[in-house]
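Asks: Below is the file coords_30.txt, which contains compact mmCIF, C-alpha atoms.
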# COMPACT_ATOMS: atom_id res chain seq x y z
CA MET I 19 145.18 132.11 142.02
CA THR I 20 142.74 130.42 139.67
CA VAL I 21 138.98 130.82 139.41
CA GLY I 22 136.34 128.21 138.65
CA PRO I 23 135.40 127.34 135.06
CA ARG I 24 131.96 129.00 135.22
CA LEU I 25 133.30 132.30 136.48
CA ARG I 26 136.18 132.05 134.02
CA LYS I 27 133.81 131.58 131.09
CA PHE I 28 131.67 134.48 132.25
CA ALA I 29 134.71 136.75 132.65
CA LEU I 30 135.96 135.68 129.22
CA THR I 31 132.57 136.48 127.66
CA VAL I 32 132.53 139.94 129.25
CA HIS I 33 136.14 140.50 128.22
CA VAL I 34 135.58 139.57 124.57
CA ALA I 35 132.36 141.62 124.43
CA SER I 36 133.98 144.71 125.96
CA SER I 37 137.18 144.46 123.90
CA VAL I 38 135.43 143.96 120.57
CA GLY I 39 132.81 146.53 121.57
CA TRP I 40 135.62 149.02 122.28
CA LEU I 41 137.05 148.40 118.83
CA GLY I 42 133.65 148.85 117.17
CA ALA I 43 132.88 152.00 119.16
CA VAL I 44 136.20 153.53 118.10
CA ALA I 45 135.38 152.68 114.48
CA GLY I 46 132.07 154.53 114.84
CA PHE I 47 133.86 157.40 116.56
CA LEU I 48 136.36 157.59 113.68
CA ILE I 49 133.58 157.85 111.10
CA LEU I 50 132.01 160.71 113.07
CA ALA I 51 135.43 162.39 113.39
CA VAL I 52 135.88 162.20 109.61
CA ALA I 53 132.35 163.51 109.09
CA GLY I 54 133.09 166.34 111.52
CA LEU I 55 136.30 167.25 109.71
CA ALA I 56 135.19 166.85 106.11
CA GLY I 57 131.46 167.53 106.38
CA ARG I 58 130.10 170.59 104.61
CA ASP I 59 126.73 170.78 106.32
CA ALA I 60 127.04 172.76 109.55
CA GLN I 61 124.31 170.80 111.32
CA THR I 62 125.93 167.48 110.44
CA VAL I 63 129.30 168.67 111.73
CA ARG I 64 127.75 169.98 114.91
CA ALA I 65 125.81 166.77 115.48
CA ALA I 66 128.94 164.71 114.88
CA TYR I 67 130.92 166.38 117.69
CA LEU I 68 128.03 166.21 120.12
CA ALA I 69 127.55 162.50 119.35
CA MET I 70 131.30 161.85 119.60
CA GLU I 71 131.41 163.21 123.12
CA LEU I 72 128.50 161.00 124.18
CA ILE I 73 130.00 157.92 122.57
CA ALA I 74 133.41 158.56 124.09
CA ARG I 75 132.12 159.27 127.59
CA PHE I 76 129.40 156.64 127.87
CA VAL I 77 130.54 153.87 125.55
CA ILE I 78 134.27 153.95 124.78
CA VAL I 79 135.63 154.83 128.23
CA PRO I 80 133.45 152.29 130.10
CA LEU I 81 134.31 149.59 127.54
CA ALA I 82 138.02 150.39 127.84
CA PHE I 83 137.95 149.95 131.61
CA ALA I 84 135.77 146.84 131.34
CA SER I 85 138.23 145.35 128.85
CA LEU I 86 141.20 146.17 131.07
CA LEU I 87 139.64 144.87 134.28
CA THR I 88 138.20 141.67 132.81
CA GLY I 89 141.54 141.09 131.09
CA LEU I 90 143.29 141.31 134.43
CA VAL I 91 140.78 138.88 135.95
CA GLN I 92 141.24 136.50 133.03
CA SER I 93 145.02 136.49 133.18
CA LEU I 94 145.34 136.36 136.96
CA GLY I 95 142.59 133.77 137.27
CA THR I 96 144.05 131.32 134.77
CA PRO I 97 147.38 129.48 134.43
CA TRP I 98 148.41 132.03 131.78
CA GLY I 99 149.27 134.60 134.44
CA LEU I 100 149.86 138.29 133.83
CA PHE I 101 153.65 138.40 133.41
CA ARG I 102 154.47 134.83 132.38
CA HIS I 103 153.85 135.01 128.63
CA TYR I 104 155.03 137.77 126.32
CA TRP I 105 151.73 137.94 124.43
CA VAL I 106 149.76 138.56 127.65
CA LEU I 107 152.27 141.17 128.81
CA VAL I 108 152.31 142.99 125.46
CA LYS I 109 148.54 142.90 125.35
CA LEU I 110 148.35 144.45 128.81
CA LEU I 111 150.82 147.20 127.88
CA VAL I 112 148.97 148.04 124.66
CA THR I 113 145.61 148.10 126.45
CA VAL I 114 146.94 150.37 129.21
CA PHE I 115 148.55 152.64 126.60
CA ALA I 116 145.30 152.87 124.60
CA THR I 117 143.32 153.63 127.77
CA VAL I 118 145.73 156.38 128.86
CA VAL I 119 145.68 158.02 125.41
CA LEU I 120 141.87 157.80 125.42
CA LEU I 121 141.65 159.54 128.79
CA LEU I 122 144.08 162.23 127.63
CA GLN I 123 141.88 162.84 124.58
CA MET I 124 138.70 163.25 126.61
CA GLY I 125 139.46 166.91 127.36
CA GLN I 126 139.81 167.72 123.69
CA ILE I 127 136.66 165.77 122.81
CA GLY I 128 134.72 167.68 125.48
CA HIS I 129 136.17 170.97 124.28
CA LEU I 130 134.98 170.32 120.72
CA ALA I 131 131.56 169.20 121.93
CA ASP I 132 131.22 172.37 124.00
CA ALA I 133 132.19 174.46 120.98
CA ALA I 134 129.70 172.56 118.83
CA ALA I 135 126.95 173.07 121.40
CA GLU I 136 127.49 176.81 121.51
CA THR I 137 128.21 177.59 117.89
CA THR I 138 128.62 175.92 114.55
CA VAL I 139 131.99 174.23 114.10
CA SER I 140 132.79 174.13 110.43
CA GLY I 141 135.29 175.23 107.83
CA GLY I 142 138.64 176.10 109.37
CA GLU I 143 137.40 176.44 112.93
CA LEU I 144 139.31 174.27 115.40
CA ARG I 145 140.79 172.42 112.45
CA GLY I 146 143.84 171.34 114.41
CA ALA I 147 141.79 169.72 117.16
CA ARG I 148 139.37 168.17 114.67
CA GLY I 149 142.18 166.70 112.60
CA SER I 150 143.85 165.45 115.77
CA LEU I 151 140.75 163.46 116.68
CA VAL I 152 140.79 161.75 113.28
CA VAL I 153 144.48 160.88 113.73
CA HIS I 154 144.00 159.61 117.28
CA ALA I 155 140.90 157.58 116.40
CA SER I 156 142.72 156.02 113.43
CA GLY I 157 145.74 155.24 115.58
CA GLY I 158 143.48 153.87 118.30
CA LEU I 159 141.74 151.58 115.85
CA VAL I 160 145.06 150.17 114.62
CA THR I 161 146.37 149.89 118.18
CA LEU I 162 143.30 147.96 119.35
CA LEU I 163 143.82 145.42 116.57
CA VAL I 164 147.07 144.38 118.27
CA PRO I 165 145.45 142.91 121.43
CA LEU I 166 142.80 141.29 119.24
CA ALA I 167 145.41 139.56 117.08
CA LEU I 168 147.49 138.56 120.11
CA SER I 169 144.44 136.95 121.73
CA VAL I 170 143.73 134.88 118.66
CA TYR I 171 147.28 133.85 117.70
CA LYS I 172 148.80 133.67 121.19
CA PRO I 173 152.38 133.75 119.88
CA LYS I 174 154.93 131.69 121.75
CA GLY I 175 157.33 133.12 124.26
CA VAL I 176 157.72 132.79 128.01
CA THR I 177 159.20 135.62 130.04
CA ARG I 178 162.07 135.10 132.48
CA TYR I 179 159.54 135.45 135.29
CA GLY I 180 157.38 132.81 133.61
CA LEU I 181 160.34 130.44 133.29
CA ARG I 182 161.26 130.91 136.94
CA LYS I 183 157.67 130.29 138.03
CA ARG I 184 157.45 127.22 135.83
CA ARG I 185 160.59 125.76 137.38
CA GLU I 186 159.30 126.51 140.88
CA GLU I 187 155.97 124.86 140.20
CA ARG I 188 157.47 121.83 138.48
CA PRO I 189 157.48 118.81 140.82
CA PRO I 190 160.97 117.71 141.88
CA ALA I 191 162.48 114.90 139.82
CA ARG I 192 162.27 111.44 141.31
CA PRO I 193 165.55 110.01 142.54
CA MET R 226 142.95 138.80 127.83
CA THR R 227 143.49 135.08 128.01
CA ASP R 228 141.54 132.23 126.58
CA PRO R 229 141.34 129.34 129.03
CA SER R 230 140.20 127.03 126.24
CA ARG R 231 143.88 126.83 125.35
CA ARG R 232 146.35 125.94 128.02
CA PRO R 233 149.77 127.54 128.23
CA GLY R 234 152.19 125.46 126.19
CA ALA R 235 149.39 123.29 124.79
CA ASP R 236 150.42 123.69 121.16
CA ASP R 237 154.17 124.10 121.40
CA GLY R 238 154.92 120.48 120.74
CA GLY R 239 156.26 120.13 124.23
CA ARG R 240 159.20 122.37 123.48
CA LEU R 241 158.21 125.00 126.00
CA GLY R 242 158.23 122.41 128.69
CA SER R 243 161.94 121.82 128.27
CA ASN R 244 164.88 124.15 128.68
CA ARG R 245 165.66 124.13 124.97
CA GLY R 246 164.54 126.05 121.90
CA PRO R 247 162.01 128.85 122.09
CA GLU R 248 161.86 128.85 125.86
CA THR R 249 165.08 130.79 126.16
CA GLY R 250 165.57 134.34 124.96
CA THR R 251 163.16 136.95 123.70
CA PRO R 252 161.00 135.74 120.79
CA ARG R 253 161.48 137.37 117.41
CA TRP R 254 157.93 138.69 117.29
CA VAL R 255 158.51 140.60 120.55
CA LYS R 256 161.68 142.17 119.09
CA VAL R 257 159.81 143.16 115.91
CA PHE R 258 156.93 144.59 117.92
CA ALA R 259 159.29 146.52 120.20
CA THR R 260 161.12 147.94 117.17
CA VAL R 261 157.88 149.05 115.48
CA ALA R 262 156.61 150.57 118.74
CA GLY R 263 159.94 152.33 119.28
CA VAL R 264 159.86 153.81 115.77
CA ALA R 265 156.26 154.95 116.33
CA VAL R 266 157.19 156.67 119.60
CA LEU R 267 160.24 158.28 117.95
CA LEU R 268 158.06 159.50 115.08
CA PHE R 269 155.58 160.87 117.60
CA VAL R 270 158.32 162.77 119.46
CA VAL R 271 159.77 164.15 116.20
CA LEU R 272 156.32 165.26 115.04
CA GLN R 273 155.83 166.97 118.38
CA PHE R 274 158.89 169.12 117.77
CA VAL R 275 158.23 169.67 114.07
CA GLY R 276 154.51 170.27 114.51
CA GLY R 277 155.01 172.62 117.43
CA GLY R 278 153.81 170.37 120.20
CA HIS R 279 150.88 168.17 120.91
CA GLY R 280 147.93 167.97 123.24
CA PRO R 281 145.57 170.52 124.67
CA GLY R 282 148.19 173.26 124.65
CA ARG R 283 148.58 173.00 120.91
CA HIS R 284 144.87 172.81 120.26
CA ALA R 285 144.11 175.64 122.64
CA GLY R 286 145.63 177.90 120.03
CA ASP R 287 142.91 176.82 117.69
CA ALA R 288 140.34 178.43 119.91
CA GLY R 289 141.28 181.73 118.39
CA GLU R 290 140.11 180.45 115.04
CA HIS R 291 136.70 179.79 116.43
CA ALA R 292 134.11 182.08 114.95
CA PRO R 293 132.26 183.71 117.85
CA ALA R 294 128.52 183.39 118.32
CA ALA R 295 127.83 181.98 114.90
CA ARG R 296 124.93 180.06 116.29
CA SER R 297 123.04 178.08 113.75
CA SER R 298 119.28 177.96 113.61
What is this structure when it is put down as structure tokens?
Replies:
Amino acid sequence: MTVGPRLRKFALTVHVASSVGWLGAVAGFLILAVAGLAGRDAQTVRAAYLAMELIARFVIVPLAFASLLTGLVQSLGTPWGLFRHYWVLVKLLVTVFATVVLLLQMGQIGHLADAAAETTVSGGELRGARGSLVVHASGGLVTLLVPLALSVYKPKGVTRYGLRKRREERPPARP
Amino acid sequence: MTDPSRRPGADDGGRLGSNRGPETGTPRWVKVFATVAGVAVLLFVVLQFVGGGHGPGRHAGDAGEHAPAARSS
């Protein structure tokens, strides 16, 4: 299944925008997580966790799903395929992994935002959860660099499935 | 996920089109990536046991640290 060049370009534009936007949003989230953990001013810390919840819910999660869906459209709608090349397959796995971890973290992010909305969250309060968000955001940032690099470098390597498909699609040799 | 401006096998010098060379077997970069990912997962599992678990269950214990009703102005 391949799509036309105009739709392909549009899907690619949306995919690049959402993927890079996801990376940038996580970078912003990480800075707020650090500010929330290390900040001394109670209002700043409180504001950080409230902003983090908004960013995660209304920016990061939608961008993650947009990146995943447009990536699927791009791979399935072009000759690259989804399972034919290792770099596409690894990119898919990393993106799915990052999305799952993000969704698992949403409960904790909401919990901290609720705590920040009701009281001040500073000093040693909820330190474990606050530190965990810094660790996860840092890990997420590093993880999201992998799909970015794979998209640019497109390292060689065809999967067994890709080889089989290539042989099937190759026209028979002339006698 | 994919850039249609480059076609599959466009810059492999034609090698991927044959049955020789890099077409067969798992590429080295995939093996390196899988090793690094495996080590990361192993580290994560070890930290889970050493650190007393991970996830909401672990952080729920932090709720007890939370100072009650310390509402700021």
Asks: Give as a PyMOL selection string every residue of chain I that touches chain R within 7 Å, counting all atoms listed in the file.
Replies: chain I and resi 89+92-93+96-98+106+126+136-138+143-144+146-147+169+175-176
Asks: Go ahead and compute the interatomic distance for CA of Leu120 (chain I) and CA of Val63 (chain I), in Å to one decimal.
Replies: 21.5 Å
Asks: Report, in Å to a single decimal, how far apart CA of Gln273 (chain R) and CA of Thr117 (chain I) are.
Replies: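 We find that CA of Thr117 (chain I) and CA of Gln273 (chain R) lie 20.6 Å from each other.
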Asks: Give me, please, the distance in Å between CA of Leu267 (chain R) and CA of Leu168 (chain I), quoted to one decimal.
Replies: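 Result for CA of Leu267 (chain R) versus CA of Leu168 (chain I): 23.6 Å, one decimal.
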Asks: For Val91 (chain I), which residue out of I:Val21, I:Ala43, I:Leu50, I:Val34 is the nearest one, using all atoms listed in the file?
Replies: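 Smallest distance to Val91 (chain I) is found for I:Val21.
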Asks: With all atoms of region 258-268 of chain R from the file as input, state the centre and edge lengths in Å to one decimal of the axis-aligned box that has 6 Å extra on each side, as lines of an AutoDock Vina configuration file.
Replies:
center_x = 158.7
center_y = 152.0
center_z = 117.6
size_x = 16.9
size_y = 26.9
size_z = 17.1
Asks: Given the choices I:Leu166, I:Arg185, I:Arg148, I:Thr161, which gets closest to Ala133 (chain I) if the distance is worked out from all atoms listed in the file?
Replies: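 Answer, going by the shortest atom-to-atom distance: I:Arg148.
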Asks: Using all atoms listed in the file, find the one residue out of I:Trp40, I:Arg188, I:Leu55, I:Thr177 that sits nearest to Tyr104 (chain I).
Replies: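 Between I:Trp40, I:Arg188, I:Leu55, I:Thr177, the residue approaching Tyr104 (chain I) most closely is I:Thr177.
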Asks: Which residues are near Ala74 (chain I)? Cut-off 9 Å, all atoms listed in the file, ignore same chain within fewer than 6 positions. Put them as a PDB file with C-alpha atoms, keeping the file's coordinate frame.
Replies:
ATOM      1  CA  ALA I  43     132.880 152.000 119.160  1.00  0.00           C
ATOM      2  CA  VAL I  44     136.200 153.530 118.100  1.00  0.00           C
ATOM      3  CA  PHE I  47     133.860 157.400 116.560  1.00  0.00           C
ATOM      4  CA  PRO I  80     133.450 152.290 130.100  1.00  0.00           C
ATOM      5  CA  LEU I 120     141.870 157.800 125.420  1.00  0.00           C
ATOM      6  CA  MET I 124     138.700 163.250 126.610  1.00  0.00           C
ATOM      7  CA  ILE I 127     136.660 165.770 122.810  1.00  0.00           C
TER       8      ILE I 127
END
Asks: Smallest atom-to-atom distance to Arg178 (chain I): which of I:Val119, I:Leu130, I:Gly95, I:Arg102, using all atoms listed in the file?
Replies: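 Closest residue, counting all atoms listed in the file: I:Arg102.
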